[in-house]
>>> print(open('target-v6.cif').read())   # mmCIF, C-alpha atoms and all ligand atoms
data_query
#
loop_
_atom_site.group_PDB
_atom_site.id
_atom_site.type_symbol
_atom_site.label_atom_id
_atom_site.label_comp_id
_atom_site.auth_asym_id
_atom_site.auth_seq_id
_atom_site.Cartn_x
_atom_site.Cartn_y
_atom_site.Cartn_z
ATOM 1 C CA MET A 1 80.305 20.079 -52.999
ATOM 2 C CA GLY A 2 83.095 17.808 -51.699
ATOM 3 C CA GLY A 3 86.832 18.467 -51.665
ATOM 4 C CA HIS A 4 89.197 17.224 -54.324
ATOM 5 C CA PRO A 5 89.741 13.424 -54.136
ATOM 6 C CA LEU A 6 93.517 13.969 -54.115
ATOM 7 C CA PHE A 7 93.073 15.644 -50.729
ATOM 8 C CA ASP A 8 90.561 13.164 -49.364
ATOM 9 C CA VAL A 9 91.751 11.830 -45.981
ATOM 10 C CA THR A 10 88.363 10.744 -44.652
ATOM 11 C CA ASP A 11 89.399 7.090 -44.384
ATOM 12 C CA LYS A 12 92.861 7.826 -42.906
ATOM 13 C CA CYS A 13 93.954 7.036 -39.337
ATOM 14 C CA GLY A 14 97.120 7.960 -37.499
ATOM 15 C CA TYR A 15 98.756 9.918 -34.694
ATOM 16 C CA VAL A 16 100.444 13.270 -34.101
ATOM 17 C CA THR A 17 103.157 13.570 -31.421
ATOM 18 C CA GLY A 18 103.390 16.884 -29.593
ATOM 19 C CA GLY A 19 99.747 17.272 -30.625
ATOM 20 C CA GLY A 20 98.780 19.154 -27.482
ATOM 21 C CA SER A 21 100.142 22.537 -28.487
ATOM 22 C CA GLY A 22 101.148 24.856 -31.305
ATOM 23 C CA ILE A 23 101.916 23.280 -34.675
ATOM 24 C CA GLY A 24 101.009 19.717 -33.580
ATOM 25 C CA ARG A 25 97.658 20.918 -32.264
ATOM 26 C CA ALA A 26 96.932 22.705 -35.544
ATOM 27 C CA ILE A 27 97.882 19.600 -37.536
ATOM 28 C CA ALA A 28 95.675 17.346 -35.375
ATOM 29 C CA LEU A 29 92.739 19.778 -35.662
ATOM 30 C CA GLY A 30 93.303 20.222 -39.402
ATOM 31 C CA LEU A 31 93.520 16.509 -40.211
ATOM 32 C CA ALA A 32 90.454 15.792 -38.064
ATOM 33 C CA GLU A 33 88.587 18.655 -39.732
ATOM 34 C CA ALA A 34 89.417 17.015 -43.083
ATOM 35 C CA GLY A 35 87.875 13.776 -41.795
ATOM 36 C CA ALA A 36 90.864 11.752 -40.546
ATOM 37 C CA ALA A 37 90.802 9.911 -37.211
ATOM 38 C CA VAL A 38 93.639 11.187 -35.026
ATOM 39 C CA ILE A 39 95.424 10.005 -31.895
ATOM 40 C CA VAL A 40 96.621 13.203 -30.230
ATOM 41 C CA SER A 41 99.784 12.262 -28.376
ATOM 42 C CA ASP A 42 101.706 14.524 -26.018
ATOM 43 C CA ILE A 43 103.847 14.314 -22.889
ATOM 44 C CA ASN A 44 101.279 16.762 -21.477
ATOM 45 C CA LEU A 45 98.115 14.627 -21.325
ATOM 46 C CA PRO A 46 95.697 17.410 -20.269
ATOM 47 C CA ALA A 47 96.861 19.450 -23.287
ATOM 48 C CA ALA A 48 96.222 16.480 -25.605
ATOM 49 C CA GLU A 49 92.814 15.959 -23.965
ATOM 50 C CA ASN A 50 91.891 19.604 -24.602
ATOM 51 C CA VAL A 51 92.703 19.215 -28.297
ATOM 52 C CA VAL A 52 90.640 16.022 -28.450
ATOM 53 C CA ALA A 53 87.720 17.864 -26.815
ATOM 54 C CA GLU A 54 88.021 20.591 -29.479
ATOM 55 C CA ILE A 55 87.998 17.960 -32.225
ATOM 56 C CA HIS A 56 84.958 16.223 -30.707
ATOM 57 C CA ALA A 57 83.157 19.563 -30.416
ATOM 58 C CA ARG A 58 83.599 19.976 -34.167
ATOM 59 C CA GLY A 59 82.299 16.463 -34.852
ATOM 60 C CA GLY A 60 85.705 14.859 -35.517
ATOM 61 C CA ARG A 61 87.248 11.572 -34.376
ATOM 62 C CA ALA A 62 90.166 11.715 -31.918
ATOM 63 C CA TYR A 63 91.704 10.119 -28.817
ATOM 64 C CA ALA A 64 94.313 11.436 -26.387
ATOM 65 C CA VAL A 65 97.406 9.471 -25.364
ATOM 66 C CA ARG A 66 100.300 10.454 -23.102
ATOM 67 C CA THR A 67 103.657 9.689 -24.705
ATOM 68 C CA ASP A 68 107.135 10.879 -23.795
ATOM 69 C CA VAL A 69 108.756 10.512 -27.214
ATOM 70 C CA ALA A 70 112.193 10.439 -25.580
ATOM 71 C CA ARG A 71 111.312 6.974 -24.260
ATOM 72 C CA LYS A 72 111.561 4.300 -26.933
ATOM 73 C CA ALA A 73 109.186 1.935 -25.129
ATOM 74 C CA GLU A 74 106.488 4.646 -24.959
ATOM 75 C CA VAL A 75 106.848 5.361 -28.675
ATOM 76 C CA GLU A 76 106.390 1.676 -29.465
ATOM 77 C CA GLU A 77 103.346 1.663 -27.190
ATOM 78 C CA LEU A 78 101.911 4.647 -29.109
ATOM 79 C CA VAL A 79 102.136 2.743 -32.397
ATOM 80 C CA GLN A 80 100.592 -0.333 -30.748
ATOM 81 C CA LEU A 81 97.747 1.695 -29.223
ATOM 82 C CA THR A 82 97.015 3.441 -32.516
ATOM 83 C CA THR A 83 96.996 0.264 -34.569
ATOM 84 C CA ALA A 84 94.976 -1.597 -31.924
ATOM 85 C CA ARG A 85 92.338 1.145 -31.952
ATOM 86 C CA PHE A 86 92.120 1.674 -35.703
ATOM 87 C CA GLY A 87 93.403 -1.645 -37.070
ATOM 88 C CA ARG A 88 95.749 0.340 -39.319
ATOM 89 C CA LEU A 89 98.248 3.188 -39.478
ATOM 90 C CA ASP A 90 97.952 5.446 -42.518
ATOM 91 C CA PHE A 91 99.979 8.357 -41.183
ATOM 92 C CA ALA A 92 102.462 9.006 -38.391
ATOM 93 C CA PHE A 93 103.280 12.600 -37.558
ATOM 94 C CA HIS A 94 106.460 13.134 -35.541
ATOM 95 C CA ASN A 95 106.245 16.690 -34.366
ATOM 96 C CA ALA A 96 107.131 16.863 -30.638
ATOM 97 C CA GLY A 97 110.127 19.071 -29.985
ATOM 98 C CA ILE A 98 111.877 21.422 -27.565
ATOM 99 C CA LEU A 99 114.059 24.480 -28.124
ATOM 100 C CA ARG A 100 116.990 25.634 -25.995
ATOM 101 C CA ILE A 101 119.035 28.603 -27.054
ATOM 102 C CA THR A 102 122.388 28.527 -25.301
ATOM 103 C CA LYS A 103 125.710 29.813 -26.587
ATOM 104 C CA PRO A 104 127.760 26.919 -28.045
ATOM 105 C CA GLU A 105 130.547 27.559 -25.530
ATOM 106 C CA GLU A 106 128.077 27.214 -22.654
ATOM 107 C CA ILE A 107 126.056 24.120 -23.633
ATOM 108 C CA GLY A 108 126.265 21.471 -20.913
ATOM 109 C CA GLU A 109 126.199 17.717 -21.209
ATOM 110 C CA GLU A 110 122.660 17.315 -19.922
ATOM 111 C CA GLU A 111 121.193 19.968 -22.209
ATOM 112 C CA TRP A 112 122.942 18.495 -25.266
ATOM 113 C CA ARG A 113 121.744 14.995 -24.414
ATOM 114 C CA GLU A 114 118.143 16.003 -23.645
ATOM 115 C CA GLU A 115 117.681 18.162 -26.705
ATOM 116 C CA LEU A 116 119.148 15.620 -29.118
ATOM 117 C CA GLU A 117 117.025 12.941 -27.492
ATOM 118 C CA VAL A 118 113.735 14.816 -27.931
ATOM 119 C CA ASP A 119 114.456 16.592 -31.233
ATOM 120 C CA LEU A 120 116.352 13.882 -33.120
ATOM 121 C CA THR A 121 116.659 10.470 -31.478
ATOM 122 C CA SER A 122 112.934 10.305 -30.712
ATOM 123 C CA VAL A 123 112.141 10.988 -34.360
ATOM 124 C CA PHE A 124 114.180 7.973 -35.362
ATOM 125 C CA TRP A 125 112.546 5.632 -32.825
ATOM 126 C CA CYS A 126 109.129 6.930 -33.888
ATOM 127 C CA CYS A 127 109.959 6.364 -37.571
ATOM 128 C CA GLN A 128 111.274 2.898 -36.806
ATOM 129 C CA ALA A 129 108.189 1.849 -34.836
ATOM 130 C CA ALA A 130 105.746 3.309 -37.384
ATOM 131 C CA GLY A 131 107.856 2.109 -40.321
ATOM 132 C CA ARG A 132 107.990 -1.476 -39.067
ATOM 133 C CA TYR A 133 104.208 -1.580 -38.891
ATOM 134 C CA MET A 134 103.767 0.125 -42.272
ATOM 135 C CA ILE A 135 106.279 -2.184 -43.980
ATOM 136 C CA ALA A 136 104.323 -5.169 -42.713
ATOM 137 C CA HIS A 137 100.945 -3.668 -43.679
ATOM 138 C CA GLY A 138 101.314 -2.326 -47.211
ATOM 139 C CA GLY A 139 102.828 1.110 -46.570
ATOM 140 C CA GLY A 140 101.899 4.471 -45.078
ATOM 141 C CA LYS A 141 102.943 8.080 -44.728
ATOM 142 C CA ILE A 142 105.418 9.359 -42.158
ATOM 143 C CA VAL A 143 105.864 13.102 -41.692
ATOM 144 C CA ASN A 144 108.522 14.618 -39.428
ATOM 145 C CA THR A 145 108.593 18.219 -38.237
ATOM 146 C CA ALA A 146 112.064 19.542 -38.979
ATOM 147 C CA SER A 147 112.821 23.303 -39.117
ATOM 148 C CA ILE A 148 114.494 25.935 -41.240
ATOM 149 C CA SER A 149 117.035 25.876 -38.385
ATOM 150 C CA GLY A 150 118.210 22.592 -39.896
ATOM 151 C CA MET A 151 118.975 24.465 -43.133
ATOM 152 C CA ILE A 152 120.289 27.889 -42.129
ATOM 153 C CA VAL A 153 122.060 29.335 -39.094
ATOM 154 C CA ASN A 154 119.435 31.095 -36.953
ATOM 155 C CA SER A 155 119.000 29.266 -33.682
ATOM 156 C CA GLY A 156 120.526 27.156 -30.928
ATOM 157 C CA LEU A 157 123.384 24.893 -31.991
ATOM 158 C CA THR A 158 121.929 21.703 -30.523
ATOM 159 C CA TYR A 159 118.474 22.430 -31.978
ATOM 160 C CA SER A 160 119.883 23.174 -35.433
ATOM 161 C CA THR A 161 122.052 20.070 -35.361
ATOM 162 C CA ALA A 162 119.059 17.930 -34.387
ATOM 163 C CA LYS A 163 116.838 19.423 -37.091
ATOM 164 C CA ALA A 164 119.496 18.974 -39.790
ATOM 165 C CA GLY A 165 119.606 15.360 -38.603
ATOM 166 C CA VAL A 166 115.824 15.065 -38.981
ATOM 167 C CA ILE A 167 116.026 16.277 -42.590
ATOM 168 C CA GLN A 168 118.729 13.760 -43.497
ATOM 169 C CA LEU A 169 117.129 10.916 -41.524
ATOM 170 C CA THR A 170 113.942 11.617 -43.502
ATOM 171 C CA ARG A 171 115.826 11.317 -46.806
ATOM 172 C CA VAL A 172 117.621 8.090 -45.875
ATOM 173 C CA LEU A 173 114.452 6.387 -44.628
ATOM 174 C CA ALA A 174 112.501 7.560 -47.679
ATOM 175 C CA PHE A 175 115.145 5.995 -49.908
ATOM 176 C CA ARG A 176 115.315 2.726 -47.965
ATOM 177 C CA TRP A 177 111.576 2.280 -47.528
ATOM 178 C CA ALA A 178 110.271 3.489 -50.897
ATOM 179 C CA ARG A 179 109.945 -0.081 -52.156
ATOM 180 C CA HIS A 180 107.643 -0.802 -49.198
ATOM 181 C CA ARG A 181 105.482 2.222 -50.123
ATOM 182 C CA VAL A 182 106.418 3.844 -46.824
ATOM 183 C CA PHE A 183 106.638 7.555 -47.650
ATOM 184 C CA VAL A 184 108.859 9.665 -45.400
ATOM 185 C CA ASN A 185 108.785 13.451 -45.725
ATOM 186 C CA CYS A 186 109.397 16.392 -43.442
ATOM 187 C CA ILE A 187 108.085 19.914 -43.016
ATOM 188 C CA SER A 188 110.407 22.795 -42.163
ATOM 189 C CA PRO A 189 108.432 25.645 -40.623
ATOM 190 C CA GLY A 190 109.871 29.144 -40.452
ATOM 191 C CA TYR A 191 109.028 31.501 -37.584
ATOM 192 C CA ILE A 192 105.690 30.383 -36.152
ATOM 193 C CA ARG A 193 103.923 31.970 -33.182
ATOM 194 C CA THR A 194 103.637 29.154 -30.572
ATOM 195 C CA ALA A 195 104.458 28.438 -26.920
ATOM 196 C CA MET A 196 107.941 27.436 -28.122
ATOM 197 C CA THR A 197 108.723 30.807 -29.683
ATOM 198 C CA ALA A 198 106.747 32.988 -27.217
ATOM 199 C CA PRO A 199 109.606 33.511 -24.715
ATOM 200 C CA HIS A 200 111.981 34.477 -27.526
ATOM 201 C CA LEU A 201 109.450 36.763 -29.191
ATOM 202 C CA ALA A 202 109.009 38.538 -25.855
ATOM 203 C CA ARG A 203 112.674 39.631 -25.903
ATOM 204 C CA PRO A 204 113.231 43.144 -27.249
ATOM 205 C CA GLY A 205 113.858 43.290 -30.986
ATOM 206 C CA VAL A 206 113.406 39.569 -31.683
ATOM 207 C CA GLU A 207 110.007 39.806 -33.394
ATOM 208 C CA GLN A 208 111.234 42.714 -35.546
ATOM 209 C CA GLU A 209 114.287 40.674 -36.530
ATOM 210 C CA MET A 210 112.140 37.645 -37.473
ATOM 211 C CA LEU A 211 109.869 39.896 -39.547
ATOM 212 C CA ARG A 212 112.908 41.456 -41.218
ATOM 213 C CA GLN A 213 114.114 37.974 -42.218
ATOM 214 C CA THR A 214 110.679 36.953 -43.549
ATOM 215 C CA PRO A 215 109.918 38.258 -47.069
ATOM 216 C CA LEU A 216 106.156 37.805 -46.532
ATOM 217 C CA ARG A 217 106.524 40.236 -43.599
ATOM 218 C CA ARG A 218 104.487 38.345 -41.051
ATOM 219 C CA LEU A 219 105.114 35.573 -38.555
ATOM 220 C CA GLY A 220 103.524 32.212 -39.292
ATOM 221 C CA GLU A 221 100.567 30.918 -37.299
ATOM 222 C CA PRO A 222 100.261 27.164 -36.528
ATOM 223 C CA ARG A 223 97.435 26.940 -39.066
ATOM 224 C CA ASP A 224 99.881 27.945 -41.817
ATOM 225 C CA ILE A 225 101.390 24.434 -41.517
ATOM 226 C CA VAL A 226 98.104 22.557 -41.993
ATOM 227 C CA GLY A 227 98.062 22.654 -45.816
ATOM 228 C CA ALA A 228 101.522 21.077 -45.997
ATOM 229 C CA ALA A 229 100.493 18.440 -43.444
ATOM 230 C CA LEU A 230 97.328 17.586 -45.338
ATOM 231 C CA PHE A 231 99.246 17.354 -48.627
ATOM 232 C CA LEU A 232 101.836 14.961 -47.170
ATOM 233 C CA VAL A 233 99.163 12.667 -45.694
ATOM 234 C CA ALA A 234 96.749 12.743 -48.647
ATOM 235 C CA PRO A 235 96.915 10.888 -52.002
ATOM 236 C CA ALA A 236 98.074 14.205 -53.538
ATOM 237 C CA SER A 237 101.611 13.341 -52.379
ATOM 238 C CA ASP A 238 101.667 9.767 -53.723
ATOM 239 C CA PHE A 239 104.791 10.490 -55.823
ATOM 240 C CA VAL A 240 106.577 12.561 -53.171
ATOM 241 C CA THR A 241 109.060 11.027 -50.750
ATOM 242 C CA GLY A 242 112.197 12.241 -48.976
ATOM 243 C CA HIS A 243 111.033 15.833 -49.464
ATOM 244 C CA ASN A 244 111.614 18.704 -47.049
ATOM 245 C CA LEU A 245 108.580 20.953 -47.499
ATOM 246 C CA VAL A 246 109.606 24.433 -46.381
ATOM 247 C CA VAL A 247 106.789 26.622 -45.015
ATOM 248 C CA ASP A 248 108.615 29.767 -43.976
ATOM 249 C CA GLY A 249 107.198 32.851 -45.691
ATOM 250 C CA GLY A 250 110.395 32.970 -47.738
ATOM 251 C CA VAL A 251 113.030 33.164 -44.972
ATOM 252 C CA THR A 252 115.364 30.632 -46.599
ATOM 253 C CA LEU A 253 115.284 32.381 -49.984
ATOM 254 C CA ALA A 254 117.997 34.830 -49.039
HETATM 255 N N1 LIG B 301 107.362 27.469 -33.609
HETATM 256 C C1 LIG B 301 108.272 27.577 -34.558
HETATM 257 O O1 LIG B 301 108.620 28.676 -34.999
HETATM 258 C C2 LIG B 301 108.895 26.330 -35.140
HETATM 259 C C3 LIG B 301 109.706 26.485 -36.270
HETATM 260 C C4 LIG B 301 110.283 25.355 -36.841
HETATM 261 C C5 LIG B 301 110.042 24.107 -36.298
HETATM 262 N N2 LIG B 301 109.257 23.983 -35.210
HETATM 263 C C6 LIG B 301 109.041 22.628 -34.691
HETATM 264 O O2 LIG B 301 107.656 22.353 -34.644
HETATM 265 C C7 LIG B 301 107.399 21.369 -33.638
HETATM 266 C C8 LIG B 301 106.286 21.877 -32.746
HETATM 267 O O3 LIG B 301 106.722 23.043 -32.082
HETATM 268 P P1 LIG B 301 105.737 24.195 -31.581
HETATM 269 O O4 LIG B 301 106.309 25.475 -32.008
HETATM 270 O O5 LIG B 301 104.355 23.845 -31.926
HETATM 271 O O6 LIG B 301 106.004 24.088 -30.001
HETATM 272 P P2 LIG B 301 105.027 23.880 -28.753
HETATM 273 O O7 LIG B 301 105.916 24.021 -27.581
HETATM 274 O O8 LIG B 301 103.824 24.730 -28.875
HETATM 275 O O9 LIG B 301 104.566 22.350 -28.902
HETATM 276 C C9 LIG B 301 105.441 21.289 -28.676
HETATM 277 C C10 LIG B 301 104.655 20.152 -28.047
HETATM 278 O O10 LIG B 301 105.542 19.047 -27.888
HETATM 279 C C11 LIG B 301 105.317 18.478 -26.626
HETATM 280 N N3 LIG B 301 106.519 17.780 -26.165
HETATM 281 C C12 LIG B 301 107.688 18.320 -25.729
HETATM 282 N N4 LIG B 301 108.523 17.353 -25.345
HETATM 283 C C13 LIG B 301 107.884 16.173 -25.550
HETATM 284 C C14 LIG B 301 108.221 14.811 -25.328
HETATM 285 N N5 LIG B 301 109.403 14.466 -24.793
HETATM 286 N N6 LIG B 301 107.322 13.861 -25.653
HETATM 287 C C15 LIG B 301 106.121 14.199 -26.176
HETATM 288 N N7 LIG B 301 105.727 15.464 -26.391
HETATM 289 C C16 LIG B 301 106.610 16.435 -26.067
HETATM 290 C C17 LIG B 301 104.967 19.643 -25.730
HETATM 291 O O11 LIG B 301 104.261 19.209 -24.565
HETATM 292 C C18 LIG B 301 104.114 20.498 -26.663
HETATM 293 O O12 LIG B 301 102.741 20.148 -26.568
HETATM 294 C C19 LIG B 301 108.724 21.155 -32.937
HETATM 295 O O13 LIG B 301 109.364 20.005 -33.454
HETATM 296 C C20 LIG B 301 109.509 22.393 -33.295
HETATM 297 O O14 LIG B 301 110.893 22.182 -33.216
HETATM 298 C C21 LIG B 301 108.679 25.070 -34.612
#
>>> encode(input="target-v6.cif", output="structure tokens")
Amino acid sequence: MGGHPLFDVTDKCGYVTGGGSGIGRAIALGLAEAGAAVIVSDINLPAAENVVAEIHARGGRAYAVRTDVARKAEVEELVQLTTARFGRLDFAFHNAGILRITKPEEIGEEEWREELEVDLTSVFWCCQAAGRYMIAHGGGKIVNTASISGMIVNSGLTYSTAKAGVIQLTRVLAFRWARHRVFVNCISPGYIRTAMTAPHLARPGVEQEMLRQTPLRRLGEPRDIVGAALFLVAPASDFVTGHNLVVDGGVTLA
């Protein structure tokens, strides 16, 4: 028995940035498991290669590429490499990110610049490079990883500012590119157990506080994001654009 045709991604090709770890890894594995061909891109090439090896071991199609998303030229190269390999670009997943938690009164110039560059500016250059190709080739689906931190106050100031920017950038691009059939959506995860959150979760009381804020009373695992990712890449979302799909166990309800 096959899956539902609305969730069929077996003929889809694309890339995932920050695909070497955590949520990006889960998305790459999940899309490949569903039959898509995936370029796993990360600044950490060995991490991307490990994910590709996992995908190959399960019979999927994947390739590893090193990309520093903070460098516009490397992002453009990623789109070129993907389209050269597959001859198309059905989905572009912009997920790479970093998290610094510094008091607003102590944030320095370099930290501000670096975090905005990786968490916001890179998302725009990625969208622009993927969008240009998709506009010229009949459309496609762009998905950005935002965060509930872009919606509520719960994290570092720079991070939250960047993520709020990702949500709005997603809406503007969705509006502008709808006539080209370029879909632009984002996912806002809640508290997910990954390398990014591990150091914070290790601090006394933090995990309890995250659980207290989460009505479903558990932390998310990277795999909890896969359903949303699959939906936003598959034909099931063919009338959905500019949406911020919140996957947070209910944190933002209260
Ligand atoms: N974990 C959470 O609770 C949570 C919640 C909301 C949103 N997010 C977002 O999800 C995304 C993935 O985070 P995660 O929790 O899986 O973290 P993670 O640290 O496990 O993975 C992030 C990946 O991005 C890569 N990366 C970092 N800087 C990069 C750069 N300049 N160029 C290319 N790759 C780079 C890292 O090497 C790593 O593989 C991020 O955008 C993050 O902000 C995470």
>>> residues_near_ligand(input="target-v6.cif", ligand="ligand LIG 301 (chain B)", cutoff="6 Å", atoms="only C-alpha atoms and all ligand atoms", output="NGL selection string")
:A and (17-24 or 42-44 or 67-70 or 95-98 or 118 or 145-147 or 188-197)
>>> residues_near_point(input="target-v6.cif", point="(94.4, 3.3, -38.0)", cutoff="12 Å", atoms="only C-alpha atoms", output="PDB file with C-alpha atoms, keeping the file's coordinate frame")
ATOM      1  CA  VAL A   9      91.751  11.830 -45.981  1.00  0.00           C
ATOM      2  CA  THR A  10      88.363  10.744 -44.652  1.00  0.00           C
ATOM      3  CA  ASP A  11      89.399   7.090 -44.384  1.00  0.00           C
ATOM      4  CA  LYS A  12      92.861   7.826 -42.906  1.00  0.00           C
ATOM      5  CA  CYS A  13      93.954   7.036 -39.337  1.00  0.00           C
ATOM      6  CA  GLY A  14      97.120   7.960 -37.499  1.00  0.00           C
ATOM      7  CA  TYR A  15      98.756   9.918 -34.694  1.00  0.00           C
ATOM      8  CA  ALA A  36      90.864  11.752 -40.546  1.00  0.00           C
ATOM      9  CA  ALA A  37      90.802   9.911 -37.211  1.00  0.00           C
ATOM     10  CA  VAL A  38      93.639  11.187 -35.026  1.00  0.00           C
ATOM     11  CA  ILE A  39      95.424  10.005 -31.895  1.00  0.00           C
ATOM     12  CA  ARG A  61      87.248  11.572 -34.376  1.00  0.00           C
ATOM     13  CA  ALA A  62      90.166  11.715 -31.918  1.00  0.00           C
ATOM     14  CA  TYR A  63      91.704  10.119 -28.817  1.00  0.00           C
ATOM     15  CA  LEU A  78     101.911   4.647 -29.109  1.00  0.00           C
ATOM     16  CA  VAL A  79     102.136   2.743 -32.397  1.00  0.00           C
ATOM     17  CA  GLN A  80     100.592  -0.333 -30.748  1.00  0.00           C
ATOM     18  CA  LEU A  81      97.747   1.695 -29.223  1.00  0.00           C
ATOM     19  CA  THR A  82      97.015   3.441 -32.516  1.00  0.00           C
ATOM     20  CA  THR A  83      96.996   0.264 -34.569  1.00  0.00           C
ATOM     21  CA  ALA A  84      94.976  -1.597 -31.924  1.00  0.00           C
ATOM     22  CA  ARG A  85      92.338   1.145 -31.952  1.00  0.00           C
ATOM     23  CA  PHE A  86      92.120   1.674 -35.703  1.00  0.00           C
ATOM     24  CA  GLY A  87      93.403  -1.645 -37.070  1.00  0.00           C
ATOM     25  CA  ARG A  88      95.749   0.340 -39.319  1.00  0.00           C
ATOM     26  CA  LEU A  89      98.248   3.188 -39.478  1.00  0.00           C
ATOM     27  CA  ASP A  90      97.952   5.446 -42.518  1.00  0.00           C
ATOM     28  CA  PHE A  91      99.979   8.357 -41.183  1.00  0.00           C
ATOM     29  CA  ALA A  92     102.462   9.006 -38.391  1.00  0.00           C
ATOM     30  CA  ALA A 130     105.746   3.309 -37.384  1.00  0.00           C
ATOM     31  CA  TYR A 133     104.208  -1.580 -38.891  1.00  0.00           C
ATOM     32  CA  MET A 134     103.767   0.125 -42.272  1.00  0.00           C
ATOM     33  CA  HIS A 137     100.945  -3.668 -43.679  1.00  0.00           C
ATOM     34  CA  GLY A 140     101.899   4.471 -45.078  1.00  0.00           C
ATOM     35  CA  LYS A 141     102.943   8.080 -44.728  1.00  0.00           C
TER      36      LYS A 141
END
>>> residues_near_point(input="target-v6.cif", point="(119.1, 22.6, -29.7)", cutoff="10 Å", atoms="all atoms listed in the file", output="list in words")
Gly97, Ile98, Leu99, Arg100, Ile101, Thr102, Pro104, Ile107, Glu111, Trp112, Arg113, Glu114, Glu115, Leu116, Val118, Asp119, Leu120, Ser149, Ser155, Gly156, Leu157, Thr158, Tyr159, Ser160, Thr161, Ala162 and Lys163 of chain A
>>> residues_around(input="target-v6.cif", residues="Glu49 in chain A", least_positions_apart="4", cutoff="7 Å", atoms="all atoms listed in the file", output="list in words")
Leu45, Ala53 and Ala64 of chain A
>>> write_last_selection(input="target-v6.cif", atoms="C-alpha atoms", output="JSON list (two decimals), in the frame of the given file")
[["chain", "number", "residue", "atom", "x", "y", "z"],
["A", 45, "LEU", "CA", 98.12, 14.63, -21.32],
["A", 53, "ALA", "CA", 87.72, 17.86, -26.82],
["A", 64, "ALA", "CA", 94.31, 11.44, -26.39]]
>>> resolve_selection(input="target-v6.cif", expression="the PyMOL selection byres (((chain A and resi 253) around 10) and not hetatm)", output="list of chain:residue names")
A:Gln213, A:Thr214, A:Pro215, A:Asp248, A:Gly249, A:Gly250, A:Val251, A:Thr252, A:Ala254
>>> atom_distance(input="target-v6.cif", atom1="CA of Pro222 in chain A", atom2="CA of Arg25 in chain A")
8.0 Å
>>> resolve_selection(input="target-v6.cif", expression="the PyMOL selection byres (((chain A and resi 168) around 12) and not hetatm)", output="CSV table (one decimal) with C-alpha atoms, keeping the file's coordinate frame")
chain,number,residue,atom,x,y,z
A,120,LEU,CA,116.4,13.9,-33.1
A,123,VAL,CA,112.1,11.0,-34.4
A,124,PHE,CA,114.2,8.0,-35.4
A,144,ASN,CA,108.5,14.6,-39.4
A,146,ALA,CA,112.1,19.5,-39.0
A,150,GLY,CA,118.2,22.6,-39.9
A,151,MET,CA,119.0,24.5,-43.1
A,161,THR,CA,122.1,20.1,-35.4
A,162,ALA,CA,119.1,17.9,-34.4
A,163,LYS,CA,116.8,19.4,-37.1
A,164,ALA,CA,119.5,19.0,-39.8
A,165,GLY,CA,119.6,15.4,-38.6
A,166,VAL,CA,115.8,15.1,-39.0
A,167,ILE,CA,116.0,16.3,-42.6
A,169,LEU,CA,117.1,10.9,-41.5
A,170,THR,CA,113.9,11.6,-43.5
A,171,ARG,CA,115.8,11.3,-46.8
A,172,VAL,CA,117.6,8.1,-45.9
A,173,LEU,CA,114.5,6.4,-44.6
A,174,ALA,CA,112.5,7.6,-47.7
A,175,PHE,CA,115.1,6.0,-49.9
A,184,VAL,CA,108.9,9.7,-45.4
A,185,ASN,CA,108.8,13.5,-45.7
A,186,CYS,CA,109.4,16.4,-43.4
A,242,GLY,CA,112.2,12.2,-49.0
A,243,HIS,CA,111.0,15.8,-49.5
A,244,ASN,CA,111.6,18.7,-47.0
>>> residues_around(input="target-v6.cif", residues="Ala57 in chain A", least_positions_apart="5", cutoff="12 Å", atoms="all atoms listed in the file", output="ChimeraX atom specification")
/A:29,32-33,50-52,62
>>> write_last_selection(input="target-v6.cif", atoms="C-alpha atoms", output="PDB file, in the coordinates of the input")
ATOM      1  CA  LEU A  29      92.739  19.778 -35.662  1.00  0.00           C
ATOM      2  CA  ALA A  32      90.454  15.792 -38.064  1.00  0.00           C
ATOM      3  CA  GLU A  33      88.587  18.655 -39.732  1.00  0.00           C
ATOM      4  CA  ASN A  50      91.891  19.604 -24.602  1.00  0.00           C
ATOM      5  CA  VAL A  51      92.703  19.215 -28.297  1.00  0.00           C
ATOM      6  CA  VAL A  52      90.640  16.022 -28.450  1.00  0.00           C
ATOM      7  CA  ALA A  62      90.166  11.715 -31.918  1.00  0.00           C
TER       8      ALA A  62
END
>>> atom_distance(input="target-v6.cif", atom1="CA of His56 in chain A", atom2="CA of Ile142 in chain A")
24.4 Å
>>> atom_distance(input="target-v6.cif", atom1="CA of Val247 in chain A", atom2="CA of Leu230 in chain A")
13.1 Å
>>> resolve_selection(input="target-v6.cif", expression="the PyMOL selection byres (((chain A and resi 238) around 12) and not hetatm)", output="list in words")
Leu6, Phe7, Gly139, Gly140, Lys141, Ala178, Arg181, Val182, Phe183, Val184, Asn185, Phe231, Leu232, Val233, Ala234, Pro235, Ala236, Ser237, Phe239, Val240, Thr241, Gly242 and His243 of chain A
>>> closest_residue(input="target-v6.cif", among="A:Val206, A:Ala229, A:Ile135, A:Cys126", to="Lys72 in chain A", atoms="all atoms listed in the file")
A:Cys126
>>> closest_residue(input="target-v6.cif", among="A:Gly30, A:Gly227, A:Pro204, A:Pro199", to="Ile187 in chain A", atoms="all atoms listed in the file")
A:Gly227
>>> residues_around(input="target-v6.cif", residues="Ala136 in chain A", least_positions_apart="4", cutoff="9 Å", atoms="all atoms listed in the file", output="number ranges by chain")
A: 131-132, 180
>>> closest_residue(input="target-v6.cif", among="A:His94, A:Ile225, A:Ile148, A:Glu117", to="Ile27 in chain A", atoms="all atoms listed in the file")
A:Ile225
